[in-house]
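In what follows, a structure is listed as structure tokens, so that the remarks can point back to it.
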Amino acid sequence: MGELVAALAAELAGEVRDDAYTRHLYSADASAYAIEPAAVVFPRSADDVSVAVRLAAERGVPIVARGAGTSLAGQAAGGHGLVIDFSRHMNVIDEIDPVARRVRVQPGVVQEDLNRAAKRFGLGFGPDTSTSNRATLGGMIGNNSSGSESIVHGTTVDHVEELEVVLADGSQHTFRRGLPHAFDEPVKAILREHARAIAEDYPKHWRQSGGYRLDRMDPFDLSKLVVGSEGTLAIVTAATVRLVELPKAKMFSVGHFDSVADAIAATQDALDLQPWSVEMIDRKILNLSRSKLEYRKLSDRLEGDPGALLFVAFAGDSDDEVRGKLDALATVWAEHGHGYHVLRAETTAEQNELTKVRKAGLGLLMASSDGKRRPAAFVEDTAVAPERLGPYVERFAAILDKHELEAGFYGHASVGCLHIRPFVDLSEDVETFRTVAEEIRDLVAEFDGVNSSEHGDGRVRSEFNEHIFGSDLYGAMRKVKTLFDPHNRLNPGVMVDAAPMTADLRDAKLPRPNPLVTHLDFGPGGMHGAADRCQRIGACRKTGQGVMCPSYMATREEEHATRGRANALVKALGEPDPARALGDERLHDILDLCLECKACKSECPLSVDMASMKAEFLSHYNAIHGTPLRSRIFASIRTLNRLGSAFAPLSNALPAPTGLVGITTKRPRPRFVRENLIRWNKTRARTTGRPVVFLADSFTTFTEPGIGRASIELLTAAGYDVQLEQAGCCGRASISKGLLDDARAKAEKLTERLQRTDGPITGCEPSCLMTLREEHVQLLGDQGIADRTRLVEELLLDADLPLRNDTPQRILFHGHCHQKALAGTASTVALLRKIPNTEVVELDAGCCGMAGSFGFEEEHYELSMRIGGMRLFPAVRREPAETLVAATGVSCRQQIEHGTGRTARHPVQIVRDALEV
């Protein structure tokens with residue numbers, strides 16, 4: 001392997017890595033399996049792929065092609081040789097042909113990126129996967145993915161026109177209908193020899209994603225054979241795919257039912273009206289969504305406590321046409337006594353909020369894991385005819401009850417596919433894992449269904465293929481594999497000649513972690529358990545929406561996604577001496593670009609809290625290597641800002657000691673204000689009212705005191721008696737640099753003072769307020785102060801403020817990451833909308849990229865600006881000069897000014913301007 005890696009490094013335009021952490025990160029996908037590869041290649045072109053495959057073939061090294069690594073059956077779980085990651089560089093979308101409705105894409109293209117590019121032509125890619133914001137076209141081709149709208153659009157194989165591939169010997173070829181190839185006659189011979197088995201032995205359900213699709217070879221087209229072959233026949237380097245016309249109008253109804261059985265019973269009525277999709281989720285997932293800020297909007301709109309919901313989508317040429325279909329559904333359900341309430345989602349915004357929960361079903365289930373008992377994907381991909389789904393699910397549930405297994409139920413009721421994932425401890429209870437798989441396999445056959453309906457065979461179901469297809473048809477599939485890959489180098493052990501489904505289970509391989517004393521409380525399982533919450537579903541790899549994960553969005557590097565960092569920590573914390581392992585330089589490189597935005601706390605369905613884990617990691621890393629001077633300086637930001645204010649304006653003229661500590665010279669420093677918030681507070685008139693404590697944070701107090709003044713004046717107008725808490729720092733900066741002993745001391749001092757006060761605690765800097773809600777609880781174990789802490793906008797929203805504005809105005813609002821993750825921005829937006837004649841637009845622009853000190857650090861400056869430049873800066877620049885730009889975070893306001901030249905104001909300043917006095 002050393003020779004292979006050296007040869008790859010010499011010949012590739014892309015990169016090759018074989019360090020221990022990279023190998024670990026690529027050992028697993030979103031399945032239950034893990035096989036550590038010897039190296040990982042990041043190709044830049046088809047020629048790179050060809051070189052990699054040729055060099056590996058010469059040395060007898062197996063190869064696994066990988067997209068986003070979201071496969072649930074283990075198709076992309078490492079392999080003992082070379083992993084080729086297409087997602088980083090090979091993600092080009094060629095020019096779309098809107099007339100022919102087709103486009104050529106590289107395999108690393110993310111489905112939603114293609115849909116965004118095609119939307120301007122009124123087109124999109126038909127198969128709609130729940131992982132569309134990170135699933136790649138290469139992976140979808142490998143699995144023959146389908147998704148929620150398969151009753152309209154079919155599966156991926158129905159949309160592929162041409163594939164450019166590299167075969168097992170490294171040669172490059174093109175497969176399409178009518179294009180001759182040397183494999184044509186051998187394949188046709190296999191088709192003739194096994195004609196009866198091909199015609200009769202496939203499972204009868206049309207949504208078949210298991211085995212090689214020899215039944216799709218009329219008309220003859222080798223590309224159809226490669227689709228769904230899971231990288232075992234050829235490696236796709238480009239695909240020409242058809243696009244579908246987007247409907248002019250689309251809406252859906254959400255039916256409320258007392259049970260899963262009741263929801264299934266109502267499915268046929270929905271199907272009779274020719275919907276675009278019928279999706280179901282059960283009470284377990286609904287209850288989980290209620291605890292997550294990111295997904296709470298669905299539960300807020302529900303009636304009662306439904307045992308299950310059906311999402312029934314309709315499309316048409318006009319809103320009136322689609323509303324008519326919604327009316328028809330409500331009528332027929334009422335006539336037949338199905339359900340007790342129907343909720344409508346007519347606008348795009350309503351639909352997006354509600355479908356978040358449906359698409360996050362897997363992650364929400366994973367979040368309910370109890371220790372090592374996790375919802376395992378091994379019987380989750382079966383499908384039966386929808387009219388037989390009711391009795392099938394009843395029998396399925398009986399099998400689970402027999403084995404005393406809990407499960408969540410959700411999925412595609414339209415095609416009889418429910419993703420049922422039993423909770424199993426795969427570190428120990430492997431026998432139950434196999435027994436249940438075999439019993440469900442036989443139950444599926446009894447109901448004339450399919451064992452693999454969209455997730456494919458992978459390592460979890462390939463073992464059963466001879467049993468499912470019969471020896472004749474399975475023999476034909478083995479001949480196909482031998483023809484394309486005579487030495488069994490491409491993803492060996494998948495589809496045919498597979499290892500037992502119990503081989504290479506990830507949890508069984510993980511070492512039992514040794515104890516690690518931590519500063520922060522990570523709950524049961526400690527820091528290792530917190531990192532191992534990640535189930536590798538890859539929600540952190542999305543690139544066009546939300547906040548998580550900013551550095552991944554900018555770099556497209558697996559190790560800079562929350563998933564990569566969490567699994568790197570799992571490796572380190574599983575070492576014999578975890579405290580020593582946290583001093584590893586390579587691990588530091590992996591965690592260094594985490595901006596501690598906290599988005600993973602809310603946007604990751606499993607709430608993997610990477611910000612807290614990075615802070616804890618840094619504390620151990622510093623204990624081994626020493627705390628950098630720059631970190632100590634940033635941790636002392638309150639003292640420095642107070643001194644800067646005391647000596648202003650002289651302090652603003654002093655040069656910064658940037659050369660000594662690595663602070664970039666490319667950013668202007670904050671300007672200190674002599675008349676700071678503390679000085680102003682001493683002279684203001686006090687009033688009586690309800691008590692409230694206002695936190696004089698370490699940032700705006702000395703550099704933007706006008707924000708604090710506006711907040712206090714608004715609170716006073718709202719009837720509050722404001723007490724300024726000005727003595728101490730919350731420790732936010734210390735936490736971000738891993739100085740957790742210092743942070744605890746600051747937290748204890750501030751808590752002691754706040755415990756002597758009454759009323760809510762508020763402030764204008766979200767990062768400081770959220771520290772009271774979050775890290776202080778982790779450091780001190782006391783929830784009392786956290787329960788009293790509220791955003792100033794939350795308090796003001798409840799007040800009847802006299803606001804006036806005679807001139808129409810538009811406000812572009814960008815929320816602080818910590819606020820989005822831990823409190824939400826709804827109160828801020830609602831407060832701004834109380835201003836008369838005001839249009840408020842909240843940006844979905846991700847993280848600004850500043851992240852406190854991160855953007856001021858010399859080595860992080862370029863990445864910081866790149867993150868801001870992805871969505872935030874362009875959105876601000878598109879606005880006319882008269883648009884007001886608002887941002888709650890001090891870092892966000894600085895970044896907007898540095899990146900666009902526009903001044904951003906805190907929302908309370910804009911509200912204060914409208915206050916009638």
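Please note that chains go A, B, ... in the order of the structure tokens, that every chain numbers its residues from 1, and that ligands are numbered from 1 in the order shown.
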Contacts of A:Ile835 at 12 Å (only C-alpha atoms; same-chain gap of 6+ positions) as an NGL selection string: :A and (797 or 800-811 or 828-829 or 907-908 or 910-916)
Which residues come within 6 Å of stretch 278-287 of chain A, counting only C-alpha atoms, excluding same-chain residues fewer than 6 positions away, as a PyMOL selection string? chain A and resi 307-312+409-414
Which residues, written as an mmCIF file with N, CA and C atoms, in the first residue's frame, have at least one atom at most 9 Å from A:Ser253, with only C-alpha atoms counted and residues fewer than 2 positions away on the same chain left out?
```cif
data_model
loop_
_atom_site.group_PDB
_atom_site.id
_atom_site.type_symbol
_atom_site.label_atom_id
_atom_site.label_comp_id
_atom_site.auth_asym_id
_atom_site.auth_seq_id
_atom_site.Cartn_x
_atom_site.Cartn_y
_atom_site.Cartn_z
ATOM 1 N N MET A 251 -49.180 21.484 -3.358
ATOM 2 C CA MET A 251 -49.604 21.651 -1.972
ATOM 3 C C MET A 251 -49.772 20.275 -1.346
ATOM 4 N N GLY A 255 -52.977 14.584 7.168
ATOM 5 C CA GLY A 255 -54.063 13.925 7.875
ATOM 6 C C GLY A 255 -53.623 13.442 9.234
ATOM 7 N N LEU A 310 -50.365 11.429 7.854
ATOM 8 C CA LEU A 310 -50.134 11.170 6.435
ATOM 9 C C LEU A 310 -49.951 12.505 5.730
ATOM 10 N N PHE A 311 -48.816 12.670 5.058
ATOM 11 C CA PHE A 311 -48.550 13.838 4.222
ATOM 12 C C PHE A 311 -48.933 13.451 2.788
ATOM 13 N N VAL A 312 -49.983 14.047 2.266
ATOM 14 C CA VAL A 312 -50.432 13.716 0.915
ATOM 15 C C VAL A 312 -50.238 14.944 0.033
ATOM 16 N N ALA A 313 -49.326 14.846 -0.927
ATOM 17 C CA ALA A 313 -48.996 15.966 -1.800
ATOM 18 C C ALA A 313 -49.722 15.829 -3.140
ATOM 19 N N PHE A 314 -50.232 16.957 -3.648
ATOM 20 C CA PHE A 314 -50.855 17.018 -4.963
ATOM 21 C C PHE A 314 -50.181 18.119 -5.770
ATOM 22 N N LEU A 326 -57.137 18.881 -2.759
ATOM 23 C CA LEU A 326 -57.116 18.836 -1.300
ATOM 24 C C LEU A 326 -58.539 18.721 -0.753
ATOM 25 N N LEU A 329 -59.810 15.165 -1.213
ATOM 26 C CA LEU A 329 -59.241 14.244 -0.236
ATOM 27 C C LEU A 329 -59.938 14.387 1.109
ATOM 28 N N ALA A 330 -60.112 15.635 1.551
ATOM 29 C CA ALA A 330 -60.778 15.858 2.834
ATOM 30 C C ALA A 330 -62.186 15.275 2.815
ATOM 31 N N VAL A 342 -57.542 17.424 9.306
ATOM 32 C CA VAL A 342 -56.658 17.589 8.146
ATOM 33 C C VAL A 342 -56.087 19.000 8.166
ATOM 34 N N LEU A 343 -54.763 19.072 8.165
ATOM 35 C CA LEU A 343 -54.037 20.345 8.121
ATOM 36 C C LEU A 343 -53.551 20.582 6.707
ATOM 37 N N ARG A 344 -53.669 21.804 6.200
ATOM 38 C CA ARG A 344 -53.219 22.114 4.849
ATOM 39 C C ARG A 344 -51.916 22.908 4.877
ATOM 40 N N ALA A 345 -51.072 22.639 3.908
ATOM 41 C CA ALA A 345 -49.842 23.415 3.702
ATOM 42 C C ALA A 345 -49.874 23.896 2.257
ATOM 43 N N GLU A 346 -50.295 25.142 2.073
ATOM 44 C CA GLU A 346 -50.489 25.655 0.720
ATOM 45 C C GLU A 346 -49.313 26.481 0.225
#
```
Applying 8 Å and only C-alpha atoms, which residues near stretch 577-583 of chain A remain after dropping the ones on its own chain fewer than 5 positions away? List them as JSON, numbers by chain. {"A": [514, 515, 516, 572, 588, 617, 620, 621, 622, 624, 625]}
Written selection (N, CA and C atoms) as a PDB file, in the first residue's frame:
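And here's out10.pdb as it stands now:
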```pdb
ATOM      1  N   ASN A 514     -11.978   4.324  27.845  1.00  0.00           N
ATOM      2  CA  ASN A 514     -11.509   4.526  29.214  1.00  0.00           C
ATOM      3  C   ASN A 514     -12.034   5.851  29.744  1.00  0.00           C
ATOM      4  N   PRO A 515     -12.138   6.004  31.054  1.00  0.00           N
ATOM      5  CA  PRO A 515     -12.691   7.240  31.629  1.00  0.00           C
ATOM      6  C   PRO A 515     -11.842   8.461  31.271  1.00  0.00           C
ATOM      7  N   LEU A 516     -12.513   9.581  31.093  1.00  0.00           N
ATOM      8  CA  LEU A 516     -11.844  10.855  30.849  1.00  0.00           C
ATOM      9  C   LEU A 516     -12.521  11.903  31.724  1.00  0.00           C
ATOM     10  N   ALA A 572     -10.186   9.127  18.874  1.00  0.00           N
ATOM     11  CA  ALA A 572      -9.244   9.564  19.910  1.00  0.00           C
ATOM     12  C   ALA A 572      -9.684   9.113  21.295  1.00  0.00           C
ATOM     13  N   HIS A 588      -6.061  18.055  16.077  1.00  0.00           N
ATOM     14  CA  HIS A 588      -6.191  19.516  16.175  1.00  0.00           C
ATOM     15  C   HIS A 588      -6.515  20.116  14.814  1.00  0.00           C
ATOM     16  N   PHE A 617     -11.973  19.658  24.035  1.00  0.00           N
ATOM     17  CA  PHE A 617     -10.750  19.188  23.375  1.00  0.00           C
ATOM     18  C   PHE A 617      -9.616  20.192  23.568  1.00  0.00           C
ATOM     19  N   HIS A 620      -7.819  20.087  26.898  1.00  0.00           N
ATOM     20  CA  HIS A 620      -6.864  18.992  27.043  1.00  0.00           C
ATOM     21  C   HIS A 620      -5.642  19.205  26.152  1.00  0.00           C
ATOM     22  N   TYR A 621      -5.888  19.716  24.965  1.00  0.00           N
ATOM     23  CA  TYR A 621      -4.773  20.001  24.047  1.00  0.00           C
ATOM     24  C   TYR A 621      -3.840  21.042  24.663  1.00  0.00           C
ATOM     25  N   ASN A 622      -4.415  22.096  25.247  1.00  0.00           N
ATOM     26  CA  ASN A 622      -3.607  23.128  25.881  1.00  0.00           C
ATOM     27  C   ASN A 622      -2.853  22.593  27.088  1.00  0.00           C
ATOM     28  N   ILE A 624      -1.484  19.835  27.347  1.00  0.00           N
ATOM     29  CA  ILE A 624      -0.306  19.109  26.868  1.00  0.00           C
ATOM     30  C   ILE A 624       0.694  20.052  26.203  1.00  0.00           C
ATOM     31  N   HIS A 625       0.174  20.966  25.369  1.00  0.00           N
ATOM     32  CA  HIS A 625       1.053  21.804  24.544  1.00  0.00           C
ATOM     33  C   HIS A 625       1.236  23.221  25.080  1.00  0.00           C
TER      34      HIS A 625
END
```
For A:Ile712, work out the shell of residues within 12 Å, counting only C-alpha atoms and skipping chain neighbours fewer than 5 positions away, then give it as a PyMOL selection string. chain A and resi 677-678+680-681+684-687+692-696+705-707+717-724+762-764+792-793+795-796+908-909+912
So which bits of stretch 762-913 of chain A end up alpha helix (DSSP H) when you DSSP the backbone, as a VMD selection string? chain A and resid 766 to 773 775 to 780 784 to 788 792 to 797 817 to 822 826 to 833 861 to 870 872 to 877 890 to 900 907 to 913
Quick one: everything within 8 Å of stretch 859-875 of chain A, counting only C-alpha atoms, minus sequence neighbours fewer than 3 positions away in the same chain. Send it as a list in words. Pro550, Ser551, Met553, Ala554, Leu593, Gly662, Thr664, Leu843, Ala845, Gly846, Cys847, Cys848, Gly849, Met850, Phe854, Gly855, Phe856, Arg878, Glu879, Gln895, Ile896, Gly899 and Thr900 of chain A
Would you mind telling me which residue in A:Ala566, A:Cys417, A:Ala786, A:Ala263 lies nearest to A:Tyr21 when using only C-alpha atoms?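 Smallest separation from A:Tyr21 among the options: A:Ala566.
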Please compute the atom CA of A:Asp592-atom CA of A:Met527 distance, one decimal, in Å.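 Value for the atom CA of A:Asp592-atom CA of A:Met527 distance: 17.9 Å.
Using only C-alpha atoms, the nearest neighbour of A:Thr131 within the list A:Asn567, A:Thr174, A:Ser71, A:Thr22 is A:Ser71.
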Can you work out which one of A:Asp442, A:Glu394, A:Glu454, A:Asp472 has the shortest atom-to-atom distance to A:Ala199, counting only C-alpha atoms? A:Asp472
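The environment of A:His814 within 7 Å, counting only C-alpha atoms and disregarding residues fewer than 6 places along the same chain, consists of A:Glu842, A:Leu843, A:Ala886, A:Ala887.
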Residues from the last selection, C-alpha atoms, saved as a CSV table (one decimal), in the first residue's frame:
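Below you can see result_35.csv, which holds the result:
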```
chain,number,residue,atom,x,y,z
A,842,GLU,CA,-34.9,37.1,7.3
A,843,LEU,CA,-31.9,35.7,5.5
A,886,ALA,CA,-29.9,44.2,10.8
A,887,ALA,CA,-27.9,41.6,12.7
```
What gap, in Å, lies between atom CA of A:Glu149 and atom CA of A:Ala383?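 Between atom CA of A:Glu149 and atom CA of A:Ala383 the gap is 15.0 Å.
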Gap from atom CA of A:Arg679 to atom CA of A:Pro760 - Å, one decimal: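 According to the coordinates, atom CA of A:Arg679 and atom CA of A:Pro760 are separated by 22.9 Å.
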Have a look at A:Ala830, A:Ala57, A:Ala745, A:Cys729 and name the one nearest to A:Ala168; count only C-alpha atoms. A:Ala57
